[in-house]
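Visitor: So I've got this file, model_3.txt, and it contains compact mmCIF, C-alpha atoms:
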```txt
# COMPACT_ATOMS: atom_id res chain seq x y z
CA MET R 19 35.49 46.20 -22.98
CA SER R 20 31.85 45.11 -22.88
CA LYS R 21 30.76 41.47 -23.01
CA SER R 22 28.78 42.01 -26.24
CA LEU R 23 31.86 43.42 -28.00
CA VAL R 24 33.98 40.48 -26.80
CA ASN R 25 31.34 38.08 -28.15
CA LYS R 26 31.34 39.87 -31.51
CA ILE R 27 35.13 39.67 -31.75
CA LEU R 28 35.06 35.95 -30.86
CA ILE R 29 32.33 35.32 -33.47
CA THR R 30 34.43 37.12 -36.08
CA LEU R 31 37.56 35.12 -35.21
CA GLY R 32 35.54 31.88 -35.24
CA PHE R 33 34.19 32.48 -38.75
CA LEU R 34 37.64 33.51 -40.02
CA PHE R 35 39.06 30.27 -38.55
CA LEU R 36 36.36 28.33 -40.44
CA TYR R 37 37.40 30.16 -43.62
CA ARG R 38 41.02 29.11 -43.13
CA VAL R 39 39.98 25.47 -42.50
CA LEU R 40 38.02 25.44 -45.78
CA ALA R 41 41.17 26.58 -47.61
CA TYR R 42 42.64 23.12 -46.90
CA VAL R 43 39.66 21.12 -48.23
CA PRO R 44 40.58 20.15 -51.84
CA VAL R 45 38.26 19.54 -54.76
CA PRO R 46 37.87 15.74 -55.20
CA GLY R 47 39.74 14.07 -58.06
CA VAL R 48 42.72 16.44 -58.36
CA ASN R 49 46.46 15.87 -57.89
CA ILE R 50 47.38 18.61 -55.40
CA ASP R 51 51.15 18.33 -55.93
CA VAL R 52 50.89 18.99 -59.67
CA VAL R 53 48.64 22.02 -59.16
CA LYS R 54 50.91 23.37 -56.40
CA ASP R 55 54.03 23.14 -58.61
CA PHE R 56 52.19 24.92 -61.42
CA PHE R 57 51.04 27.84 -59.25
CA ASP R 58 54.47 28.18 -57.67
CA SER R 59 55.77 28.90 -61.18
CA GLN R 60 53.04 31.48 -61.82
CA ALA R 61 53.65 33.69 -58.76
CA GLY R 62 54.30 36.86 -60.78
CA ASN R 63 51.15 37.00 -62.92
CA ALA R 64 47.36 37.12 -62.51
CA LEU R 65 47.21 33.56 -61.17
CA GLY R 66 49.68 34.50 -58.46
CA MET R 67 47.61 37.55 -57.54
CA PHE R 68 44.42 35.48 -57.21
CA ASN R 69 46.29 32.88 -55.17
CA MET R 70 47.50 35.60 -52.80
CA PHE R 71 43.99 37.04 -52.32
CA SER R 72 42.61 33.54 -51.64
CA GLY R 73 45.20 32.76 -48.95
CA ASN R 74 46.87 30.05 -51.10
CA ALA R 75 43.52 28.27 -51.53
CA VAL R 76 43.98 28.37 -55.32
CA LYS R 77 47.36 26.61 -55.08
CA ARG R 78 45.69 23.82 -53.10
CA LEU R 79 42.66 23.87 -55.45
CA SER R 80 40.37 23.88 -52.43
CA ILE R 81 36.60 24.22 -52.62
CA ILE R 82 37.07 27.96 -51.94
CA SER R 83 39.65 28.37 -54.72
CA LEU R 84 37.57 31.08 -56.38
CA GLY R 85 37.38 32.88 -53.04
CA ILE R 86 35.00 35.76 -52.61
CA MET R 87 36.05 37.32 -55.93
CA PRO R 88 32.88 36.21 -57.85
CA TYR R 89 30.76 38.06 -55.26
CA ILE R 90 32.99 41.16 -55.51
CA THR R 91 32.84 41.02 -59.32
CA ALA R 92 29.04 40.79 -59.23
CA SER R 93 28.88 43.70 -56.76
CA ILE R 94 31.11 45.89 -58.95
CA ILE R 95 29.06 45.07 -62.07
CA MET R 96 25.87 46.00 -60.20
CA GLU R 97 27.44 49.26 -59.01
CA LEU R 98 28.32 50.16 -62.60
CA LEU R 99 24.83 49.24 -63.82
CA ALA R 100 23.21 51.22 -60.99
CA ALA R 101 25.25 54.26 -62.02
CA THR R 102 24.25 53.77 -65.68
CA PHE R 103 20.54 52.95 -65.31
CA PRO R 104 18.56 55.34 -63.02
CA ALA R 105 15.82 52.74 -62.30
CA LEU R 106 18.36 50.30 -60.87
CA GLY R 107 20.01 53.10 -58.91
CA GLN R 108 16.65 54.06 -57.41
CA LEU R 109 16.03 50.42 -56.49
CA LYS R 110 19.21 50.51 -54.42
CA LYS R 111 18.02 53.52 -52.42
CA GLU R 112 14.71 51.94 -51.30
CA ARG R 113 14.48 49.60 -48.32
CA ASP R 114 12.54 46.85 -50.14
CA GLY R 115 14.47 47.55 -53.31
CA MET R 116 17.79 46.98 -51.54
CA THR R 117 16.69 43.42 -50.71
CA LYS R 118 15.98 42.75 -54.40
CA TYR R 119 19.26 44.43 -55.32
CA MET R 120 21.22 42.06 -53.03
CA GLN R 121 19.31 39.05 -54.42
CA ILE R 122 20.37 40.00 -57.95
CA ILE R 123 24.00 40.19 -56.76
CA ARG R 124 23.72 36.70 -55.23
CA TYR R 125 22.23 35.22 -58.42
CA ALA R 126 24.95 36.92 -60.49
CA THR R 127 27.56 35.47 -58.10
CA ILE R 128 26.23 31.95 -58.78
CA VAL R 129 26.46 32.44 -62.56
CA ILE R 130 29.98 33.93 -62.38
CA THR R 131 31.15 31.17 -60.02
CA LEU R 132 29.87 28.39 -62.30
CA ILE R 133 31.49 29.94 -65.37
CA GLN R 134 34.83 30.35 -63.59
CA ALA R 135 34.68 26.87 -62.03
CA VAL R 136 34.07 25.22 -65.40
CA GLY R 137 36.85 27.32 -66.94
CA VAL R 138 39.32 26.31 -64.22
CA SER R 139 38.34 22.64 -64.59
CA ILE R 140 38.86 22.67 -68.35
CA GLY R 141 42.13 24.58 -67.94
CA LEU R 142 43.53 21.80 -65.74
CA GLN R 143 42.78 19.15 -68.38
CA HIS R 144 46.21 19.24 -70.03
CA LEU R 145 48.20 20.19 -66.92
CA THR R 146 50.90 17.63 -66.04
CA GLY R 147 53.58 17.37 -63.39
CA LYS R 148 57.36 17.12 -63.73
CA ALA R 149 57.18 13.34 -64.22
CA GLY R 150 54.26 13.63 -66.66
CA GLU R 151 51.57 12.73 -64.12
CA PRO R 152 48.17 14.36 -64.89
CA ALA R 153 46.57 16.95 -62.62
CA ILE R 154 43.15 15.29 -63.01
CA MET R 155 42.87 11.74 -61.67
CA ILE R 156 39.28 10.99 -62.83
CA ASP R 157 37.43 11.33 -66.16
CA MET R 158 36.93 14.95 -67.26
CA PRO R 159 33.07 15.09 -67.43
CA SER R 160 32.85 13.82 -63.85
CA PHE R 161 35.61 16.17 -62.66
CA ILE R 162 34.01 19.24 -64.28
CA THR R 163 30.69 18.43 -62.62
CA ILE R 164 32.23 17.73 -59.20
CA ALA R 165 34.55 20.76 -59.36
CA ALA R 166 31.76 23.13 -60.41
CA ILE R 167 29.46 21.97 -57.59
CA SER R 168 32.30 22.00 -55.01
CA MET R 169 33.55 25.49 -55.92
CA LEU R 170 30.01 26.87 -56.07
CA ALA R 171 29.34 25.48 -52.59
CA GLY R 172 32.63 26.93 -51.35
CA THR R 173 31.89 30.42 -52.69
CA MET R 174 28.35 30.34 -51.29
CA ILE R 175 29.74 29.34 -47.87
CA LEU R 176 32.23 32.22 -48.03
CA MET R 177 29.44 34.63 -48.97
CA TRP R 178 27.41 33.37 -45.99
CA ILE R 179 30.45 33.71 -43.69
CA GLY R 180 30.95 37.28 -44.88
CA GLU R 181 27.32 38.18 -44.22
CA GLN R 182 27.41 36.55 -40.77
CA ILE R 183 30.54 38.51 -39.78
CA THR R 184 28.94 41.76 -40.98
CA GLN R 185 25.69 41.13 -39.09
CA ARG R 186 26.93 39.40 -35.92
CA GLY R 187 30.64 40.21 -35.73
CA VAL R 188 32.88 43.26 -36.09
CA GLY R 189 33.73 44.89 -39.41
CA ASN R 190 32.88 44.19 -43.03
CA GLY R 191 32.81 40.41 -43.51
CA ILE R 192 33.84 40.36 -47.18
CA SER R 193 36.79 42.69 -46.56
CA LEU R 194 37.91 40.66 -43.55
CA ILE R 195 37.91 37.44 -45.61
CA ILE R 196 40.28 39.05 -48.15
CA PHE R 197 42.31 40.47 -45.25
CA ALA R 198 42.63 37.03 -43.65
CA GLY R 199 43.66 35.47 -46.97
CA ILE R 200 46.47 37.98 -47.51
CA VAL R 201 47.68 37.96 -43.89
CA SER R 202 47.80 34.14 -43.85
CA GLY R 203 50.72 34.31 -46.29
CA ILE R 204 52.84 36.54 -44.02
CA PRO R 205 54.40 33.74 -41.89
CA SER R 206 55.62 31.83 -44.98
CA ALA R 207 56.92 35.11 -46.50
CA ILE R 208 58.88 35.85 -43.31
CA ALA R 209 60.25 32.29 -43.25
CA GLY R 210 61.28 32.60 -46.91
CA THR R 211 63.01 35.92 -46.25
CA ILE R 212 64.94 34.46 -43.30
CA ASN R 213 66.00 31.57 -45.53
CA LEU R 214 67.25 34.02 -48.19
CA VAL R 215 69.35 35.82 -45.55
CA ASN R 216 70.73 32.54 -44.19
CA THR R 217 71.73 31.32 -47.66
CA GLY R 218 73.36 34.66 -48.53
CA GLU R 219 70.94 35.48 -51.38
CA LEU R 220 69.76 38.56 -49.47
CA ASN R 221 72.12 40.97 -47.71
CA PHE R 222 71.17 41.79 -44.11
CA LEU R 223 71.56 45.54 -44.69
CA ILE R 224 69.26 45.34 -47.71
CA LEU R 225 66.74 43.48 -45.53
CA ILE R 226 66.84 46.33 -42.98
CA ALA R 227 66.30 48.84 -45.78
CA ILE R 228 63.35 46.81 -47.11
CA VAL R 229 61.73 46.59 -43.67
CA THR R 230 62.19 50.36 -43.26
CA ILE R 231 60.55 51.01 -46.64
CA ILE R 232 57.64 48.73 -45.75
CA LEU R 233 57.09 50.51 -42.41
CA VAL R 234 57.28 53.93 -44.05
CA THR R 235 54.85 52.77 -46.76
CA VAL R 236 52.37 51.49 -44.16
CA GLY R 237 52.61 54.77 -42.24
CA PHE R 238 52.09 56.75 -45.45
CA ILE R 239 49.05 54.63 -46.38
CA ILE R 240 47.51 55.16 -42.92
CA TYR R 241 48.10 58.93 -43.17
CA VAL R 242 46.49 59.19 -46.61
CA GLU R 243 43.58 56.86 -45.83
CA LEU R 244 42.66 58.99 -42.80
CA ALA R 245 43.04 62.25 -44.75
CA GLU R 246 39.84 64.08 -45.67
CA ARG R 247 38.62 67.53 -46.66
CA ARG R 248 35.89 68.86 -44.38
CA ILE R 249 33.52 71.23 -46.14
CA PRO R 250 31.57 73.36 -43.61
CA VAL R 251 27.77 73.23 -43.82
CA SER R 252 25.40 75.64 -42.09
CA TYR R 253 21.86 74.67 -41.07
CA SER R 254 19.60 77.64 -40.42
CA ARG R 255 17.45 77.15 -37.35
CA LYS R 256 15.61 79.78 -35.35
CA VAL R 257 16.31 79.50 -31.67
CA LEU R 258 14.39 81.53 -29.12
CA MET R 259 17.29 82.47 -26.91
CA GLN R 260 17.67 86.12 -26.01
CA ASN R 261 15.94 87.02 -29.29
CA GLN R 262 18.91 85.82 -31.31
CA LYS R 263 19.20 83.57 -34.38
CA LYS R 264 21.79 80.84 -34.14
CA ARG R 265 23.21 78.50 -36.73
CA ILE R 266 24.15 74.88 -36.15
CA MET R 267 27.43 74.15 -37.98
CA ASN R 268 28.35 70.79 -39.50
CA TYR R 269 30.62 69.56 -42.27
CA ILE R 270 30.75 67.17 -45.25
CA PRO R 271 33.85 64.92 -45.13
CA ILE R 272 35.36 64.06 -48.53
CA LYS R 273 38.15 61.47 -48.40
CA LEU R 274 41.38 62.02 -50.26
CA ASN R 275 41.15 58.46 -51.62
CA LEU R 276 37.51 58.18 -52.70
CA SER R 277 37.92 55.03 -54.80
CA GLY R 278 39.58 52.75 -52.21
CA VAL R 279 41.50 49.72 -53.53
CA ILE R 280 39.33 49.14 -56.62
CA PRO R 281 41.64 50.96 -59.15
CA PRO R 282 44.78 48.82 -58.48
CA ILE R 283 42.70 45.61 -58.55
CA PHE R 284 41.01 46.56 -61.85
CA ALA R 285 44.29 47.67 -63.44
CA SER R 286 46.11 44.50 -62.32
CA ALA R 287 43.35 42.26 -63.67
CA ILE R 288 43.23 44.01 -67.07
CA LEU R 289 47.02 43.88 -67.55
CA MET R 290 47.74 40.46 -66.07
CA PHE R 291 45.04 38.44 -67.81
CA PRO R 292 46.44 38.98 -71.35
CA SER R 293 50.02 38.26 -70.23
CA THR R 294 48.94 35.09 -68.42
CA ILE R 295 46.95 33.78 -71.42
CA LEU R 296 49.67 34.70 -73.94
CA GLN R 297 52.37 32.86 -71.96
CA SER R 298 50.75 29.50 -72.81
CA SER R 299 51.25 30.07 -76.56
CA THR R 300 54.28 28.78 -78.51
CA ASN R 301 53.90 31.30 -81.35
CA PRO R 302 57.04 33.53 -81.54
CA ILE R 303 55.01 36.70 -82.19
CA VAL R 304 52.65 35.97 -79.31
CA GLN R 305 55.63 35.25 -77.04
CA LYS R 306 57.15 38.63 -77.92
CA ILE R 307 53.87 40.32 -76.97
CA ALA R 308 53.87 38.35 -73.72
CA ASP R 309 57.43 39.51 -73.00
CA PHE R 310 56.32 43.06 -73.81
CA LEU R 311 53.62 42.74 -71.11
CA ASN R 312 55.90 41.09 -68.57
CA PRO R 313 54.89 42.23 -65.03
CA ASN R 314 58.56 42.91 -64.30
CA GLY R 315 58.98 45.17 -67.35
CA PHE R 316 58.87 48.95 -67.69
CA ILE R 317 55.94 48.98 -70.16
CA PHE R 318 53.70 46.92 -67.90
CA ASN R 319 54.30 49.16 -64.89
CA ALA R 320 53.93 52.35 -66.92
CA LEU R 321 50.55 51.08 -68.16
CA MET R 322 49.69 50.10 -64.57
CA PHE R 323 50.43 53.66 -63.40
CA VAL R 324 48.19 55.18 -66.08
CA LEU R 325 45.32 52.68 -65.64
CA VAL R 326 45.25 53.12 -61.86
CA ILE R 327 44.82 56.88 -62.31
CA PHE R 328 42.08 56.32 -64.92
CA PHE R 329 40.12 53.88 -62.73
CA ALA R 330 40.57 56.13 -59.68
CA TYR R 331 38.76 58.96 -61.48
CA PHE R 332 36.20 56.58 -62.99
CA TYR R 333 35.26 54.84 -59.74
CA ALA R 334 35.33 58.07 -57.69
CA SER R 335 32.74 59.53 -60.07
CA ILE R 336 30.49 56.54 -59.27
CA VAL R 337 30.82 56.43 -55.48
CA PHE R 338 30.67 60.22 -54.96
CA ASN R 339 27.33 61.66 -56.13
CA ALA R 340 27.54 65.42 -55.62
CA LYS R 341 24.01 66.00 -56.98
CA ASP R 342 22.43 63.73 -54.33
CA ILE R 343 24.41 65.44 -51.56
CA ALA R 344 23.37 68.88 -52.81
CA ASP R 345 19.69 67.84 -53.06
CA ASN R 346 19.74 66.39 -49.53
CA LEU R 347 21.30 69.56 -48.15
CA LYS R 348 18.67 71.68 -49.86
CA ARG R 349 15.80 69.56 -48.47
CA GLN R 350 17.22 69.78 -44.95
CA GLY R 351 17.74 73.52 -45.12
CA GLY R 352 21.51 73.26 -45.19
CA PHE R 353 23.97 75.17 -47.36
CA ILE R 354 27.70 75.66 -47.81
CA PRO R 355 28.66 79.21 -46.75
CA GLY R 356 29.32 81.31 -49.83
CA VAL R 357 27.77 78.78 -52.24
CA ARG R 358 24.19 78.89 -53.50
CA PRO R 359 22.05 75.75 -52.86
CA GLY R 360 21.20 73.34 -55.69
CA GLU R 361 23.32 73.11 -58.84
CA PRO R 362 26.07 75.53 -57.67
CA THR R 363 26.57 73.36 -54.57
CA ALA R 364 26.84 70.19 -56.70
CA ALA R 365 29.35 71.91 -59.01
CA TYR R 366 31.41 73.08 -56.02
CA LEU R 367 31.45 69.59 -54.47
CA ASN R 368 32.44 68.04 -57.81
CA GLU R 369 35.30 70.52 -58.14
CA VAL R 370 36.61 69.73 -54.64
CA ALA R 371 36.25 65.96 -55.20
CA SER R 372 38.07 66.23 -58.53
CA ARG R 373 41.05 68.02 -56.97
CA LEU R 374 41.23 65.48 -54.14
CA THR R 375 40.91 62.56 -56.59
CA PHE R 376 43.97 63.80 -58.50
CA TRP R 377 46.18 63.39 -55.44
CA GLY R 378 44.37 60.21 -54.38
CA ALA R 379 44.90 58.67 -57.83
CA LEU R 380 48.57 59.64 -57.81
CA TYR R 381 48.96 58.05 -54.37
CA LEU R 382 47.32 54.78 -55.54
CA ALA R 383 49.47 54.68 -58.69
CA ILE R 384 52.67 55.09 -56.64
CA ILE R 385 51.64 52.36 -54.17
CA ALA R 386 50.71 49.99 -57.05
CA THR R 387 54.05 50.41 -58.85
CA LEU R 388 56.25 50.63 -55.73
CA PRO R 389 57.05 46.86 -55.74
CA TRP R 390 58.58 47.09 -59.22
CA VAL R 391 60.65 50.12 -58.23
CA LEU R 392 61.81 48.26 -55.12
CA VAL R 393 62.84 45.22 -57.14
CA LYS R 394 64.70 47.27 -59.76
CA ALA R 395 66.38 49.69 -57.36
CA MET R 396 67.45 47.23 -54.66
CA GLY R 397 67.50 43.93 -56.54
CA VAL R 398 65.35 42.13 -53.97
CA PRO R 399 64.52 38.56 -55.03
CA PHE R 400 60.90 38.64 -53.89
CA TYR R 401 57.76 40.62 -54.66
CA PHE R 402 56.50 43.29 -52.26
CA GLY R 403 52.77 43.68 -52.97
CA GLY R 404 51.71 47.32 -52.67
CA THR R 405 48.05 46.50 -53.44
CA ALA R 406 48.03 43.76 -50.80
CA VAL R 407 49.47 46.13 -48.17
CA LEU R 408 46.89 48.76 -49.17
CA ILE R 409 44.03 46.29 -48.68
CA VAL R 410 45.38 45.06 -45.33
CA VAL R 411 45.82 48.59 -43.96
CA GLN R 412 42.42 49.79 -45.18
CA VAL R 413 40.57 46.81 -43.69
CA ALA R 414 42.50 47.11 -40.41
CA LEU R 415 41.62 50.81 -40.13
CA ASP R 416 37.97 50.18 -40.95
CA THR R 417 37.74 47.37 -38.37
CA MET R 418 39.40 49.55 -35.72
CA ARG R 419 36.86 52.31 -36.39
CA LYS R 420 33.99 49.86 -35.94
CA ILE R 421 35.45 48.50 -32.69
CA GLU R 422 35.87 52.05 -31.37
CA ALA R 423 32.28 52.84 -32.34
CA GLN R 424 31.10 49.73 -30.44
CA ILE R 425 33.10 50.80 -27.36
CA TYR R 426 31.64 54.32 -27.44
CA MET R 427 28.14 52.92 -27.91
CA SER R 428 28.63 50.61 -24.91
CA LYS R 429 29.82 53.54 -22.75
CA TYR R 430 26.84 55.63 -23.89
CA GLN R 431 24.39 52.85 -23.00
CA THR R 432 26.06 52.42 -19.59
CA LEU R 433 25.77 56.15 -18.86
CA SER R 434 22.13 56.13 -19.99
CA THR R 435 21.37 53.23 -17.65
CA VAL R 436 23.09 54.97 -14.73
CA GLY R 437 21.15 58.15 -15.46
CA LEU R 438 17.88 56.29 -15.28
```
How does the structure come out when it is put into structure tokens?
Guide:
Amino acid sequence: MSKSLVNKILITLGFLFLYRVLAYVPVPGVNIDVVKDFFDSQAGNALGMFNMFSGNAVKRLSIISLGIMPYITASIIMELLAATFPALGQLKKERDGMTKYMQIIRYATIVITLIQAVGVSIGLQHLTGKAGEPAIMIDMPSFITIAAISMLAGTMILMWIGEQITQRGVGNGISLIIFAGIVSGIPSAIAGTINLVNTGELNFLILIAIVTIILVTVGFIIYVELAERRIPVSYSRKVLMQNQKKRIMNYIPIKLNLSGVIPPIFASAILMFPSTILQSSTNPIVQKIADFLNPNGFIFNALMFVLVIFFAYFYASIVFNAKDIADNLKRQGGFIPGVRPGEPTAAYLNEVASRLTFWGALYLAIIATLPWVLVKAMGVPFYFGGTAVLIVVQVALDTMRKIEAQIYMSKYQTLSTVGL
């Protein structure tokens, strides 16, 4: 392994360590114990999901409580706008335009962070502990101001850490921050599982079955995430070699899962937000609706299954632009054997992508609803997060690919130096 690659790995680990340290720096003026007890009781809804993605920073109400989610939200909104408005989409394709595009995302992140920080601060106003102690220990106007500034600073630091990892480290910085947040909860989950076995709440044979299911699920996710359809492409090029014409063959890889982890995240957010908000109401009708949308109920998971499939098709149509691929092939003199260049090529690529997206969407829907099936079928007293596992595996695979690419590049440079 080359020295430069080792340095990049150490830089990445150093920034991730800084991220974990920040998770323990609380917002001034808050009673941590009250907030912790509240989030422990909300583990099964949207608040629990956000806490998991933040590496328990939300439960501690740290300065990075909002995590990197405001930046991801701003990025997704910009992607949707770029797909809707051609001028914004063209801006993204230009070198100077990409700089402006990223600046807009950063400004949008600031606005989203401030709105969420103020909302969280106001939401804690009436929160009290078991003995009636308030969650806020200073006057509300001062706390809202301090919390908004602290959380904004925390999110900006995380955004900077993500960019530094991407530029100077290994892998995608934003993805690795989410990865580190989820993985940081594994030791406590293992300790909790061991405690359940020791107390007799969880049968040892059931634990073995659960571990087997998790390993099979991880293997299945790796298999699907690496799966792709390779469409052959022929580039016509005249080569003066024994008066023959030769063709250079290539291919267009189309992944089975084009939309990544976005569909389960979108579907979870849409379904969990109403149920979380409705739970705070004392109205009997509203409570019945909240029970109807209980994350552990059949209706919730059926809607989750359908929404994941919908968002998989929707997001795949945004990230995969068959017309651009067809136009690029035509400009470079390439074509798919048996398919005419231009519009027929775009139609063919769209048809292939649509067939692959069907199976990719079905795979995502199964992974997203697997925890509920596991709980109902085996009666396990804890939640196995399919979306979290999906994110962890995807980021790990992507980081491994980048490390391999760095190793191959280092070998190539060494051979080039020896040749000289």
Visitor: Taking all atoms listed in the file into account, name the residue in R:Ile95, R:Gly351, R:Phe284, R:Ser372 that is nearest to Thr127 in chain R.
Guide: R:Ile95
Visitor: Using only C-alpha atoms, pick whichever of R:Pro159, R:Arg373, R:Thr363, R:Phe318 has the shortest atom-to-atom distance to Ala386 in chain R.
Guide: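 Answer, going by the shortest atom-to-atom distance: R:Phe318.
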Visitor: What does the structure give for the distance between CA of Thr91 in chain R and CA of Ile130 in chain R, in Å to one decimal?
Guide: 8.2 Å
Visitor: Give me, please, the distance in Å between CA of Leu276 in chain R and CA of Phe353 in chain R, quoted to one decimal.
Guide: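 CA of Leu276 in chain R sits 22.4 Å away from CA of Phe353 in chain R.
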Visitor: Could you check which residues have any atom within 7 Å of (28.1, 37.7, -55.9), counting all atoms listed in the file with coordinates taken straight from the file, and then list them as a PDB file with C-alpha atoms, keeping the file's coordinate frame?
Guide:
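Output file selection.pdb follows:
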```pdb
ATOM      1  CA  PRO R  88      32.880  36.210 -57.850  1.00  0.00           C
ATOM      2  CA  TYR R  89      30.760  38.060 -55.260  1.00  0.00           C
ATOM      3  CA  ILE R  90      32.990  41.160 -55.510  1.00  0.00           C
ATOM      4  CA  THR R  91      32.840  41.020 -59.320  1.00  0.00           C
ATOM      5  CA  ALA R  92      29.040  40.790 -59.230  1.00  0.00           C
ATOM      6  CA  SER R  93      28.880  43.700 -56.760  1.00  0.00           C
ATOM      7  CA  ILE R 123      24.000  40.190 -56.760  1.00  0.00           C
ATOM      8  CA  ARG R 124      23.720  36.700 -55.230  1.00  0.00           C
ATOM      9  CA  TYR R 125      22.230  35.220 -58.420  1.00  0.00           C
ATOM     10  CA  ALA R 126      24.950  36.920 -60.490  1.00  0.00           C
ATOM     11  CA  THR R 127      27.560  35.470 -58.100  1.00  0.00           C
ATOM     12  CA  ILE R 128      26.230  31.950 -58.780  1.00  0.00           C
TER      13      ILE R 128
END
```
Visitor: Figure out the distance between CA of Ala198 in chain R and CA of Val53 in chain R, please, to one decimal in Å.
Guide: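 Computing it gives 22.4 Å between the two atoms.
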Visitor: Would you mind listing, for every residue of range 345-393 of chain R within 10 Å of range 330-338 of chain R, the two atoms forming the shortest contact and the distance between them in Å to one decimal, using all atoms listed in the file, sorted by chain and ascending residue number, as JSON lines?
Guide:
```
{"residue": "R:Leu367", "atom": "CA", "partner": "R:Phe338", "partner_atom": "CA", "distance": 9.4}
{"residue": "R:Asn368", "atom": "CA", "partner": "R:Phe338", "partner_atom": "CA", "distance": 8.5}
{"residue": "R:Ala371", "atom": "CA", "partner": "R:Phe338", "partner_atom": "CA", "distance": 8.0}
{"residue": "R:Ser372", "atom": "CA", "partner": "R:Tyr331", "partner_atom": "CA", "distance": 7.9}
{"residue": "R:Thr375", "atom": "CA", "partner": "R:Tyr331", "partner_atom": "CA", "distance": 6.4}
{"residue": "R:Phe376", "atom": "CA", "partner": "R:Tyr331", "partner_atom": "CA", "distance": 7.7}
{"residue": "R:Gly378", "atom": "CA", "partner": "R:Ala330", "partner_atom": "CA", "distance": 7.7}
{"residue": "R:Ala379", "atom": "CA", "partner": "R:Ala330", "partner_atom": "CA", "distance": 5.4}
{"residue": "R:Leu380", "atom": "CA", "partner": "R:Ala330", "partner_atom": "CA", "distance": 8.9}
{"residue": "R:Leu382", "atom": "CA", "partner": "R:Ala330", "partner_atom": "CA", "distance": 8.0}
{"residue": "R:Ala383", "atom": "CA", "partner": "R:Ala330", "partner_atom": "CA", "distance": 9.1}
```
